[in-house]
$ cat upload.cif   # mmCIF, C-alpha atoms
data_upload
#
loop_
_atom_site.label_atom_id
_atom_site.label_comp_id
_atom_site.auth_asym_id
_atom_site.auth_seq_id
_atom_site.Cartn_x
_atom_site.Cartn_y
_atom_site.Cartn_z
CA MET Y 17 -17.49 112.27 151.15
CA ILE Y 18 -17.20 112.04 147.33
CA LYS Y 19 -16.60 115.38 145.67
CA LYS Y 20 -18.52 116.05 142.46
CA PRO Y 21 -16.41 117.23 139.53
CA CYS Y 22 -16.49 120.96 139.12
CA ILE Y 23 -17.48 122.22 135.65
CA PRO Y 24 -16.20 125.68 134.67
CA THR Y 25 -18.90 128.26 134.21
CA ARG Y 26 -18.03 128.78 130.48
CA GLN Y 27 -18.24 125.07 129.65
CA LEU Y 28 -21.46 124.78 131.67
CA SER Y 29 -23.04 127.60 129.66
CA LEU Y 30 -21.97 125.95 126.41
CA LEU Y 31 -23.39 122.60 127.55
CA ILE Y 32 -26.69 124.18 128.45
CA PHE Y 33 -26.82 125.89 125.03
CA ILE Y 34 -26.11 122.62 123.21
CA LEU Y 35 -28.81 120.82 125.23
CA ALA Y 36 -31.25 123.58 124.46
CA VAL Y 37 -30.50 123.35 120.76
CA ALA Y 38 -30.76 119.57 120.85
CA LEU Y 39 -34.13 119.70 122.59
CA SER Y 40 -35.50 122.37 120.29
CA SER Y 41 -34.16 120.63 117.17
CA GLY Y 42 -36.37 117.66 117.92
CA ALA Y 43 -39.21 119.62 116.44
CA ALA Y 44 -37.03 121.35 113.81
CA GLN Y 45 -36.77 120.05 110.28
CA ARG Y 46 -33.52 118.42 109.23
CA HIS Y 47 -32.20 118.92 105.70
CA THR Y 48 -29.29 117.48 103.73
CA LEU Y 49 -26.71 119.95 102.44
CA ILE Y 50 -25.97 119.77 98.70
CA VAL Y 51 -22.72 121.40 97.53
CA ASN Y 52 -22.30 122.05 93.79
CA GLY Y 53 -24.91 119.42 93.00
CA ARG Y 54 -23.32 116.77 95.25
CA SER Y 55 -25.18 115.46 98.26
CA THR Y 56 -23.22 115.49 101.53
CA ASP Y 57 -23.61 114.02 105.01
CA VAL Y 58 -23.79 117.49 106.51
CA LEU Y 59 -27.16 118.11 108.14
CA VAL Y 60 -28.88 121.47 107.97
CA ILE Y 61 -31.20 122.40 110.82
CA TYR Y 62 -33.61 125.30 110.46
CA MET Y 63 -34.40 127.22 113.59
CA ASN Y 64 -36.61 130.27 113.34
CA THR Y 65 -36.16 130.14 109.52
CA LEU Y 66 -32.36 130.33 109.92
CA PRO Y 67 -30.19 127.41 108.66
CA PHE Y 68 -27.45 125.98 110.91
CA VAL Y 69 -24.77 123.44 109.89
CA ASP Y 70 -21.97 121.61 111.66
CA LEU Y 71 -18.91 123.66 110.66
CA GLU Y 72 -16.49 120.76 111.30
CA ALA Y 73 -18.55 118.43 109.10
CA LEU Y 74 -18.77 121.08 106.38
CA ALA Y 75 -15.01 121.65 106.43
CA LYS Y 76 -14.37 117.90 106.23
CA THR Y 77 -16.69 117.58 103.23
CA LEU Y 78 -14.87 120.37 101.41
CA ASN Y 79 -11.41 119.03 102.36
CA GLY Y 80 -10.85 122.03 104.56
CA SER Y 81 -10.18 122.68 108.22
CA VAL Y 82 -11.51 124.75 111.10
CA SER Y 83 -9.34 126.62 113.58
CA SER Y 84 -10.07 129.11 116.32
CA SER Y 85 -8.19 131.84 118.08
CA GLY Y 86 -9.88 133.69 120.88
CA ALA Y 87 -13.26 134.88 119.62
CA LYS Y 88 -12.42 134.14 115.97
CA VAL Y 89 -13.17 130.93 114.07
CA ALA Y 90 -11.42 130.39 110.73
CA LEU Y 91 -12.64 128.07 107.97
CA SER Y 92 -9.84 127.21 105.53
CA LEU Y 93 -10.58 125.63 102.14
CA PRO Y 94 -8.07 124.47 99.52
CA PRO Y 95 -7.96 126.88 96.54
CA SER Y 96 -7.88 124.05 94.00
CA SER Y 97 -10.90 122.27 95.39
CA LYS Y 98 -13.66 121.89 92.83
CA ASP Y 99 -16.21 122.10 95.62
CA VAL Y 100 -15.19 125.60 96.60
CA ALA Y 101 -17.44 128.21 95.08
CA PRO Y 102 -15.65 131.45 94.23
CA SER Y 103 -16.50 134.04 96.83
CA PRO Y 104 -17.29 137.53 95.60
CA THR Y 105 -14.81 140.23 96.46
CA THR Y 106 -15.63 143.82 97.15
CA PRO Y 107 -13.66 146.06 94.79
CA SER Y 108 -12.17 149.22 96.21
CA ALA Y 109 -13.37 151.15 93.17
CA ALA Y 110 -15.95 150.68 90.48
CA PRO Y 111 -14.46 148.53 87.73
CA GLY Y 112 -13.93 150.19 84.40
CA PRO Y 113 -14.84 148.69 81.04
CA VAL Y 114 -13.00 145.51 80.19
CA PRO Y 115 -10.69 146.18 77.23
CA ALA Y 116 -11.55 144.16 74.18
CA GLN Y 117 -9.13 141.32 73.58
CA PRO Y 118 -8.09 140.58 70.02
CA ALA Y 119 -9.68 137.44 68.69
CA PRO Y 120 -7.14 134.62 68.37
CA SER Y 121 -6.11 133.85 64.84
CA THR Y 122 -7.72 130.72 63.54
CA PRO Y 123 -5.08 128.23 62.35
CA GLY Y 124 -5.41 126.58 58.97
CA PHE Y 125 -7.50 127.54 55.95
CA SER Y 126 -10.97 128.96 56.29
CA ARG Y 127 -13.68 127.03 54.46
CA GLY Y 128 -14.44 129.94 52.13
CA PHE Y 129 -10.84 130.41 51.08
CA LEU Y 130 -10.25 126.68 50.68
CA ASN Y 131 -13.19 126.41 48.28
CA ALA Y 132 -12.05 129.50 46.35
CA GLY Y 133 -8.47 128.23 46.21
CA ILE Y 134 -9.50 124.83 44.89
CA GLU Y 135 -11.63 126.52 42.22
CA GLN Y 136 -8.68 128.68 41.18
CA MET Y 137 -6.31 125.73 40.94
CA SER Y 138 -8.87 123.89 38.81
CA THR Y 139 -9.08 126.84 36.40
CA LEU Y 140 -5.28 127.14 36.21
CA ARG Y 141 -5.09 123.44 35.44
CA GLU Y 142 -7.60 123.85 32.58
CA TRP Y 143 -5.62 126.84 31.30
CA HIS Y 144 -2.40 124.80 31.35
CA THR Y 145 -4.08 121.83 29.65
CA ALA Y 146 -5.36 124.06 26.84
CA LEU Y 147 -1.87 125.48 26.29
CA GLN Y 148 -0.23 122.04 26.40
CA THR Y 149 -2.77 120.51 24.01
CA ALA Y 150 -2.27 123.29 21.49
CA ILE Y 151 1.53 122.89 21.59
CA GLN Y 152 1.50 119.10 21.37
CA ASN Y 153 -0.95 119.06 18.44
CA GLY Y 154 0.41 122.04 16.50
CA ILE Y 155 -2.74 124.10 17.01
CA PRO Y 156 -2.09 127.76 16.19
CA LEU Y 157 -1.73 129.61 19.45
CA SER Y 158 -3.31 133.00 19.94
CA GLU Y 159 -4.25 135.25 22.83
CA GLY Y 160 -7.91 134.73 21.96
CA LEU Y 161 -7.58 130.97 22.37
CA LEU Y 162 -6.38 131.24 25.97
CA GLN Y 163 -8.18 134.45 27.00
CA PRO Y 164 -11.28 132.72 28.49
CA TYR Y 165 -9.06 130.74 30.87
CA ARG Y 166 -7.07 133.83 31.86
CA ALA Y 167 -10.28 135.80 32.50
CA GLN Y 168 -11.77 133.07 34.66
CA ALA Y 169 -8.51 132.68 36.62
CA THR Y 170 -8.45 136.45 37.20
CA THR Y 171 -11.99 136.35 38.62
CA ASN Y 172 -11.25 133.33 40.82
CA LEU Y 173 -8.09 134.94 42.18
CA ARG Y 174 -10.11 138.01 43.19
CA LEU Y 175 -12.65 135.81 44.97
CA ALA Y 176 -9.85 134.01 46.82
CA SER Y 177 -8.46 137.36 47.92
CA VAL Y 178 -11.81 138.38 49.40
CA ALA Y 179 -12.23 135.01 51.14
CA ALA Y 180 -8.76 135.11 52.78
CA THR Y 181 -9.32 135.72 56.51
CA THR Y 182 -6.72 133.65 58.38
CA PRO Y 183 -2.92 133.96 58.26
CA ASP Y 184 -2.75 130.64 56.39
CA ASP Y 185 -5.28 131.96 53.86
CA ARG Y 186 -3.22 135.08 53.20
CA ASN Y 187 0.05 133.13 52.89
CA ALA Y 188 -1.48 130.66 50.45
CA TYR Y 189 -3.08 133.49 48.47
CA ARG Y 190 0.37 134.91 47.72
CA LEU Y 191 1.37 131.57 46.22
CA LEU Y 192 -1.86 131.39 44.23
CA ASN Y 193 -1.07 134.82 42.84
CA THR Y 194 2.48 133.71 41.99
CA VAL Y 195 1.40 130.66 40.02
CA TYR Y 196 -1.30 132.75 38.29
CA LEU Y 197 1.34 135.26 37.14
CA ASP Y 198 3.68 132.45 36.05
CA MET Y 199 0.89 130.85 34.01
CA GLY Y 200 0.33 134.19 32.31
CA LYS Y 201 4.04 134.47 31.49
CA LEU Y 202 4.10 130.92 30.10
CA SER Y 203 1.14 131.59 27.82
CA GLU Y 204 2.56 134.90 26.60
CA LYS Y 205 5.89 133.22 25.85
CA TYR Y 206 4.45 130.62 23.48
CA VAL Y 207 1.84 132.93 21.97
CA GLY Y 208 4.72 135.32 21.20
CA MET Y 209 6.76 132.49 19.67
CA ARG Y 210 3.84 131.57 17.46
CA ALA Y 211 3.32 135.18 16.42
CA SER Y 212 6.98 135.43 15.40
CA LEU Y 213 6.73 132.12 13.51
CA THR Y 214 9.27 130.49 15.84
CA TYR Y 215 9.20 126.72 15.74
CA ILE Y 216 7.63 125.18 18.85
CA ALA Y 217 8.46 121.52 19.47
CA PRO Y 218 5.56 119.31 20.64
CA ASP Y 219 7.47 118.48 23.81
CA ALA Y 220 8.62 122.06 24.43
CA LEU Y 221 6.90 122.28 27.84
CA GLN Y 222 8.79 119.27 29.18
CA ASN Y 223 12.08 121.18 28.98
CA ASP Y 224 10.68 124.54 30.08
CA ASP Y 225 11.83 125.53 33.59
CA LEU Y 226 8.91 127.92 34.09
CA ASN Y 227 6.46 125.18 33.19
CA GLN Y 228 8.11 122.76 35.62
CA ARG Y 229 7.88 125.34 38.39
CA ILE Y 230 4.18 125.83 37.69
CA LEU Y 231 3.58 122.08 37.90
CA THR Y 232 5.61 121.71 41.10
CA CYS Y 233 3.85 124.66 42.70
CA GLY Y 234 0.49 123.18 41.74
CA HIS Y 235 1.38 119.91 43.48
CA SER Y 236 2.48 121.83 46.58
CA LEU Y 237 -0.76 123.83 46.72
CA GLY Y 238 -2.76 120.64 46.27
CA ALA Y 239 -1.00 119.07 49.26
CA MET Y 240 -1.76 122.17 51.34
CA ALA Y 241 -5.44 121.96 50.41
CA ALA Y 242 -5.51 118.30 51.43
CA ASN Y 243 -3.91 119.11 54.80
CA GLY Y 244 -6.04 122.20 55.36
CA GLN Y 245 -3.11 124.41 56.35
CA PHE Y 246 -0.28 126.43 54.86
CA SER Y 247 3.18 124.90 54.44
CA ASP Y 248 5.65 126.59 52.11
CA ASP Y 249 8.24 124.16 50.69
CA GLY Y 250 9.69 126.72 48.29
CA SER Y 251 8.20 125.12 45.18
CA CYS Y 252 6.41 128.27 44.09
CA HIS Y 253 9.41 130.61 44.34
#

$ encode --input "upload.cif" --output "structure tokens"
Amino acid sequence: MIKKPCIPTRQLSLLIFILAVALSSGAAQRHTLIVNGRSTDVLVIYMNTLPFVDLEALAKTLNGSVSSSGAKVALSLPPSSKDVAPSPTTPSAAPGPVPAQPAPSTPGFSRGFLNAGIEQMSTLREWHTALQTAIQNGIPLSEGLLQPYRAQATTNLRLASVAATTPDDRNAYRLLNTVYLDMGKLSEKYVGMRASLTYIAPDALQNDDLNQRILTCGHSLGAMAANGQFSDDGSCH
């Protein structure tokens, strides 16, 4: 007599359940699971409006694994997987207001300050040209001759101060202020020499250290404007 293999009661119950699901799923609708916009091979079967998926197939799709211990089944997913949606956590207490974080400082010059700085350097250049032309051509120097340039430079410097919003803006503004003050000192020097009837050589500016510093600082500020960021090479000090 051939003995039939004995199937444990637990496995027999599971087999009957699987057969019942298989038979009933013939009339159920099958759907394809889409994870984060990506279509997968995992089938979704709706039974009594409830969706069921193959847990092993789902874990494989998400590069995870399934393990069981007693009555518990664990689904493990890699933390770095892009397909893993962040699961909400239940806080132990109501969260308080999120403290405001300081806005990061924007590197480089702001557009408003850059435009104001370029305008100021243009006015200082016109002021210097007027002074140089008067000295080279023996034109009588007076405060009234150079006052319009000084007044415009004063206004432009104030506008640059208002427009300074980034650290680079504020650092460059200090140099703009320095060259503005130096230009005022240079003008006052030669206006004073003219008032005291001191002879002024046509090439006097070429040998003037203050004038050379103004020119060097102007070149440095021009290079900063071209690069769009602050870089102090010591020329203005």

$ resolve_selection --input "upload.cif" --expression "the PyMOL selection byres ((chain Y and resi 228) around 12)" --output "list of chain:residue names"
Y:His144, Y:Val195, Y:Asp198, Y:Met199, Y:Leu202, Y:Ala220, Y:Leu221, Y:Gln222, Y:Asn223, Y:Asp224, Y:Asp225, Y:Leu226, Y:Asn227, Y:Arg229, Y:Ile230, Y:Leu231, Y:Thr232, Y:Cys233, Y:Gly234, Y:His235, Y:Ser251, Y:Cys252, Y:His253

$ resolve_selection --input "upload.cif" --expression "the PyMOL selection byres ((chain Y and resi 241) around 10)" --output "PyMOL selection string"
chain Y and resi 124-125+130-131+133-134+188+235-240+242-247

$ atom_distance --input "upload.cif" --atom1 "atom CA of Leu197 of chain Y" --atom2 "atom CA of Ala217 of chain Y"
23.5 Å

$ resolve_selection --input "upload.cif" --expression "the PyMOL selection byres ((chain Y and resi 150) around 12)" --output "NGL selection string"
:Y and (143-149 or 151-158 or 161-162 or 203 or 206-207 or 210 or 216-221)

$ closest_residue --input "upload.cif" --among "Y:Leu140, Y:Ala132, Y:Leu93, Y:Ala211" --to "Ala176 of chain Y" --atoms "all atoms listed in the file"
Y:Ala132

$ atom_distance --input "upload.cif" --atom1 "atom CA of Gly80 of chain Y" --atom2 "atom CA of Ser92 of chain Y"
5.4 Å

$ residues_around --input "upload.cif" --residues "Gln136 of chain Y" --least-positions-apart "5" --cutoff "10 Å" --atoms "only C-alpha atoms" --output "count of residues only"
16

$ atom_distance --input "upload.cif" --atom1 "atom CA of Arg166 of chain Y" --atom2 "atom CA of Ser212 of chain Y"
21.7 Å

$ residues_near_point --input "upload.cif" --point "(-13.6, 133.8, 54.2)" --cutoff "9 Å" --atoms "all atoms listed in the file" --output "list in words"
Phe125, Ser126, Arg127, Gly128, Phe129, Leu130, Ala176, Ser177, Val178, Ala179, Ala180, Thr181, Thr182 and Asp185 of chain Y

$ write_last_selection --input "upload.cif" --atoms "C-alpha atoms" --output "PDB file, keeping the file's coordinate frame"
ATOM      1  CA  PHE Y 125      -7.500 127.540  55.950  1.00  0.00           C
ATOM      2  CA  SER Y 126     -10.970 128.960  56.290  1.00  0.00           C
ATOM      3  CA  ARG Y 127     -13.680 127.030  54.460  1.00  0.00           C
ATOM      4  CA  GLY Y 128     -14.440 129.940  52.130  1.00  0.00           C
ATOM      5  CA  PHE Y 129     -10.840 130.410  51.080  1.00  0.00           C
ATOM      6  CA  LEU Y 130     -10.250 126.680  50.680  1.00  0.00           C
ATOM      7  CA  ALA Y 176      -9.850 134.010  46.820  1.00  0.00           C
ATOM      8  CA  SER Y 177      -8.460 137.360  47.920  1.00  0.00           C
ATOM      9  CA  VAL Y 178     -11.810 138.380  49.400  1.00  0.00           C
ATOM     10  CA  ALA Y 179     -12.230 135.010  51.140  1.00  0.00           C
ATOM     11  CA  ALA Y 180      -8.760 135.110  52.780  1.00  0.00           C
ATOM     12  CA  THR Y 181      -9.320 135.720  56.510  1.00  0.00           C
ATOM     13  CA  THR Y 182      -6.720 133.650  58.380  1.00  0.00           C
ATOM     14  CA  ASP Y 185      -5.280 131.960  53.860  1.00  0.00           C
TER      15      ASP Y 185
END

$ closest_residue --input "upload.cif" --among "Y:Tyr165, Y:Pro94, Y:Leu213, Y:Ala75" --to "Ser138 of chain Y" --atoms "all atoms listed in the file"
Y:Tyr165

$ closest_residue --input "upload.cif" --among "Y:Gln163, Y:Thr139, Y:Thr48, Y:Thr214" --to "Phe68 of chain Y" --atoms "all atoms listed in the file"
Y:Thr48

$ closest_residue --input "upload.cif" --among "Y:Leu191, Y:Asp248, Y:Glu159, Y:Asp70" --to "Lys205 of chain Y" --atoms "all atoms listed in the file"
Y:Glu159

$ decode --input "upload.cif" --residues "segment 183-214 of chain Y" --atoms "N, CA and C atoms" --output "PDB file, in the first residue's frame"
ATOM      1  N   PRO Y 183      27.820  91.651   2.172  1.00  0.00           N
ATOM      2  CA  PRO Y 183      29.133  91.952   2.769  1.00  0.00           C
ATOM      3  C   PRO Y 183      30.108  92.549   1.760  1.00  0.00           C
ATOM      4  N   ASP Y 184      30.108  92.036   0.525  1.00  0.00           N
ATOM      5  CA  ASP Y 184      31.000  92.594  -0.499  1.00  0.00           C
ATOM      6  C   ASP Y 184      30.643  94.047  -0.802  1.00  0.00           C
ATOM      7  N   ASP Y 185      29.345  94.351  -0.821  1.00  0.00           N
ATOM      8  CA  ASP Y 185      28.910  95.733  -1.043  1.00  0.00           C
ATOM      9  C   ASP Y 185      29.484  96.647   0.028  1.00  0.00           C
ATOM     10  N   ARG Y 186      29.337  96.236   1.285  1.00  0.00           N
ATOM     11  CA  ARG Y 186      29.770  97.093   2.395  1.00  0.00           C
ATOM     12  C   ARG Y 186      31.294  97.264   2.424  1.00  0.00           C
ATOM     13  N   ASN Y 187      32.019  96.189   2.083  1.00  0.00           N
ATOM     14  CA  ASN Y 187      33.484  96.298   2.036  1.00  0.00           C
ATOM     15  C   ASN Y 187      33.933  97.239   0.920  1.00  0.00           C
ATOM     16  N   ALA Y 188      33.298  97.118  -0.234  1.00  0.00           N
ATOM     17  CA  ALA Y 188      33.666  97.983  -1.360  1.00  0.00           C
ATOM     18  C   ALA Y 188      33.245  99.424  -1.098  1.00  0.00           C
ATOM     19  N   TYR Y 189      32.146  99.606  -0.376  1.00  0.00           N
ATOM     20  CA  TYR Y 189      31.708 100.976  -0.066  1.00  0.00           C
ATOM     21  C   TYR Y 189      32.777 101.711   0.741  1.00  0.00           C
ATOM     22  N   ARG Y 190      33.407 101.019   1.667  1.00  0.00           N
ATOM     23  CA  ARG Y 190      34.451 101.662   2.470  1.00  0.00           C
ATOM     24  C   ARG Y 190      35.595 102.165   1.586  1.00  0.00           C
ATOM     25  N   LEU Y 191      35.914 101.401   0.549  1.00  0.00           N
ATOM     26  CA  LEU Y 191      36.974 101.842  -0.362  1.00  0.00           C
ATOM     27  C   LEU Y 191      36.498 103.000  -1.230  1.00  0.00           C
ATOM     28  N   LEU Y 192      35.235 102.965  -1.626  1.00  0.00           N
ATOM     29  CA  LEU Y 192      34.676 104.091  -2.385  1.00  0.00           C
ATOM     30  C   LEU Y 192      34.736 105.371  -1.555  1.00  0.00           C
ATOM     31  N   ASN Y 193      34.425 105.241  -0.283  1.00  0.00           N
ATOM     32  CA  ASN Y 193      34.472 106.398   0.605  1.00  0.00           C
ATOM     33  C   ASN Y 193      35.908 106.908   0.763  1.00  0.00           C
ATOM     34  N   THR Y 194      36.859 105.960   0.814  1.00  0.00           N
ATOM     35  CA  THR Y 194      38.266 106.343   0.961  1.00  0.00           C
ATOM     36  C   THR Y 194      38.760 107.127  -0.243  1.00  0.00           C
ATOM     37  N   VAL Y 195      38.469 106.645  -1.436  1.00  0.00           N
ATOM     38  CA  VAL Y 195      38.948 107.335  -2.631  1.00  0.00           C
ATOM     39  C   VAL Y 195      38.212 108.664  -2.813  1.00  0.00           C
ATOM     40  N   TYR Y 196      36.959 108.734  -2.358  1.00  0.00           N
ATOM     41  CA  TYR Y 196      36.218 110.004  -2.395  1.00  0.00           C
ATOM     42  C   TYR Y 196      36.888 111.041  -1.486  1.00  0.00           C
ATOM     43  N   LEU Y 197      37.275 110.629  -0.284  1.00  0.00           N
ATOM     44  CA  LEU Y 197      37.946 111.544   0.647  1.00  0.00           C
ATOM     45  C   LEU Y 197      39.318 111.958   0.109  1.00  0.00           C
ATOM     46  N   ASP Y 198      40.031 110.996  -0.488  1.00  0.00           N
ATOM     47  CA  ASP Y 198      41.348 111.318  -1.049  1.00  0.00           C
ATOM     48  C   ASP Y 198      41.231 112.314  -2.193  1.00  0.00           C
ATOM     49  N   MET Y 199      40.177 112.161  -3.011  1.00  0.00           N
ATOM     50  CA  MET Y 199      39.982 113.086  -4.134  1.00  0.00           C
ATOM     51  C   MET Y 199      39.687 114.490  -3.613  1.00  0.00           C
ATOM     52  N   GLY Y 200      38.953 114.545  -2.499  1.00  0.00           N
ATOM     53  CA  GLY Y 200      38.695 115.849  -1.885  1.00  0.00           C
ATOM     54  C   GLY Y 200      39.969 116.486  -1.369  1.00  0.00           C
ATOM     55  N   LYS Y 201      40.834 115.680  -0.752  1.00  0.00           N
ATOM     56  CA  LYS Y 201      42.114 116.198  -0.239  1.00  0.00           C
ATOM     57  C   LYS Y 201      42.998 116.687  -1.384  1.00  0.00           C
ATOM     58  N   LEU Y 202      43.003 115.933  -2.497  1.00  0.00           N
ATOM     59  CA  LEU Y 202      43.836 116.325  -3.636  1.00  0.00           C
ATOM     60  C   LEU Y 202      43.368 117.652  -4.214  1.00  0.00           C
ATOM     61  N   SER Y 203      42.078 117.825  -4.342  1.00  0.00           N
ATOM     62  CA  SER Y 203      41.539 119.083  -4.871  1.00  0.00           C
ATOM     63  C   SER Y 203      41.858 120.244  -3.942  1.00  0.00           C
ATOM     64  N   GLU Y 204      41.646 120.043  -2.648  1.00  0.00           N
ATOM     65  CA  GLU Y 204      41.903 121.113  -1.679  1.00  0.00           C
ATOM     66  C   GLU Y 204      43.377 121.508  -1.670  1.00  0.00           C
ATOM     67  N   LYS Y 205      44.248 120.535  -1.898  1.00  0.00           N
ATOM     68  CA  LYS Y 205      45.688 120.805  -1.889  1.00  0.00           C
ATOM     69  C   LYS Y 205      46.056 121.800  -2.988  1.00  0.00           C
ATOM     70  N   TYR Y 206      45.577 121.533  -4.221  1.00  0.00           N
ATOM     71  CA  TYR Y 206      45.978 122.376  -5.340  1.00  0.00           C
ATOM     72  C   TYR Y 206      45.177 123.666  -5.404  1.00  0.00           C
ATOM     73  N   VAL Y 207      43.943 123.646  -4.926  1.00  0.00           N
ATOM     74  CA  VAL Y 207      43.190 124.902  -4.819  1.00  0.00           C
ATOM     75  C   VAL Y 207      43.876 125.813  -3.798  1.00  0.00           C
ATOM     76  N   GLY Y 208      44.360 125.221  -2.693  1.00  0.00           N
ATOM     77  CA  GLY Y 208      45.078 126.007  -1.685  1.00  0.00           C
ATOM     78  C   GLY Y 208      46.383 126.552  -2.219  1.00  0.00           C
ATOM     79  N   MET Y 209      47.091 125.744  -3.049  1.00  0.00           N
ATOM     80  CA  MET Y 209      48.345 126.228  -3.635  1.00  0.00           C
ATOM     81  C   MET Y 209      48.076 127.387  -4.580  1.00  0.00           C
ATOM     82  N   ARG Y 210      46.998 127.314  -5.314  1.00  0.00           N
ATOM     83  CA  ARG Y 210      46.649 128.397  -6.229  1.00  0.00           C
ATOM     84  C   ARG Y 210      46.266 129.652  -5.457  1.00  0.00           C
ATOM     85  N   ALA Y 211      45.552 129.464  -4.347  1.00  0.00           N
ATOM     86  CA  ALA Y 211      45.124 130.617  -3.554  1.00  0.00           C
ATOM     87  C   ALA Y 211      46.321 131.335  -2.927  1.00  0.00           C
ATOM     88  N   SER Y 212      47.357 130.558  -2.601  1.00  0.00           N
ATOM     89  CA  SER Y 212      48.563 131.156  -2.009  1.00  0.00           C
ATOM     90  C   SER Y 212      49.587 131.554  -3.060  1.00  0.00           C
ATOM     91  N   LEU Y 213      49.195 131.490  -4.322  1.00  0.00           N
ATOM     92  CA  LEU Y 213      50.049 131.869  -5.453  1.00  0.00           C
ATOM     93  C   LEU Y 213      51.310 131.012  -5.544  1.00  0.00           C
ATOM     94  N   THR Y 214      51.207 129.755  -5.103  1.00  0.00           N
ATOM     95  CA  THR Y 214      52.318 128.817  -5.215  1.00  0.00           C
ATOM     96  C   THR Y 214      52.351 128.266  -6.629  1.00  0.00           C
TER      97      THR Y 214
END
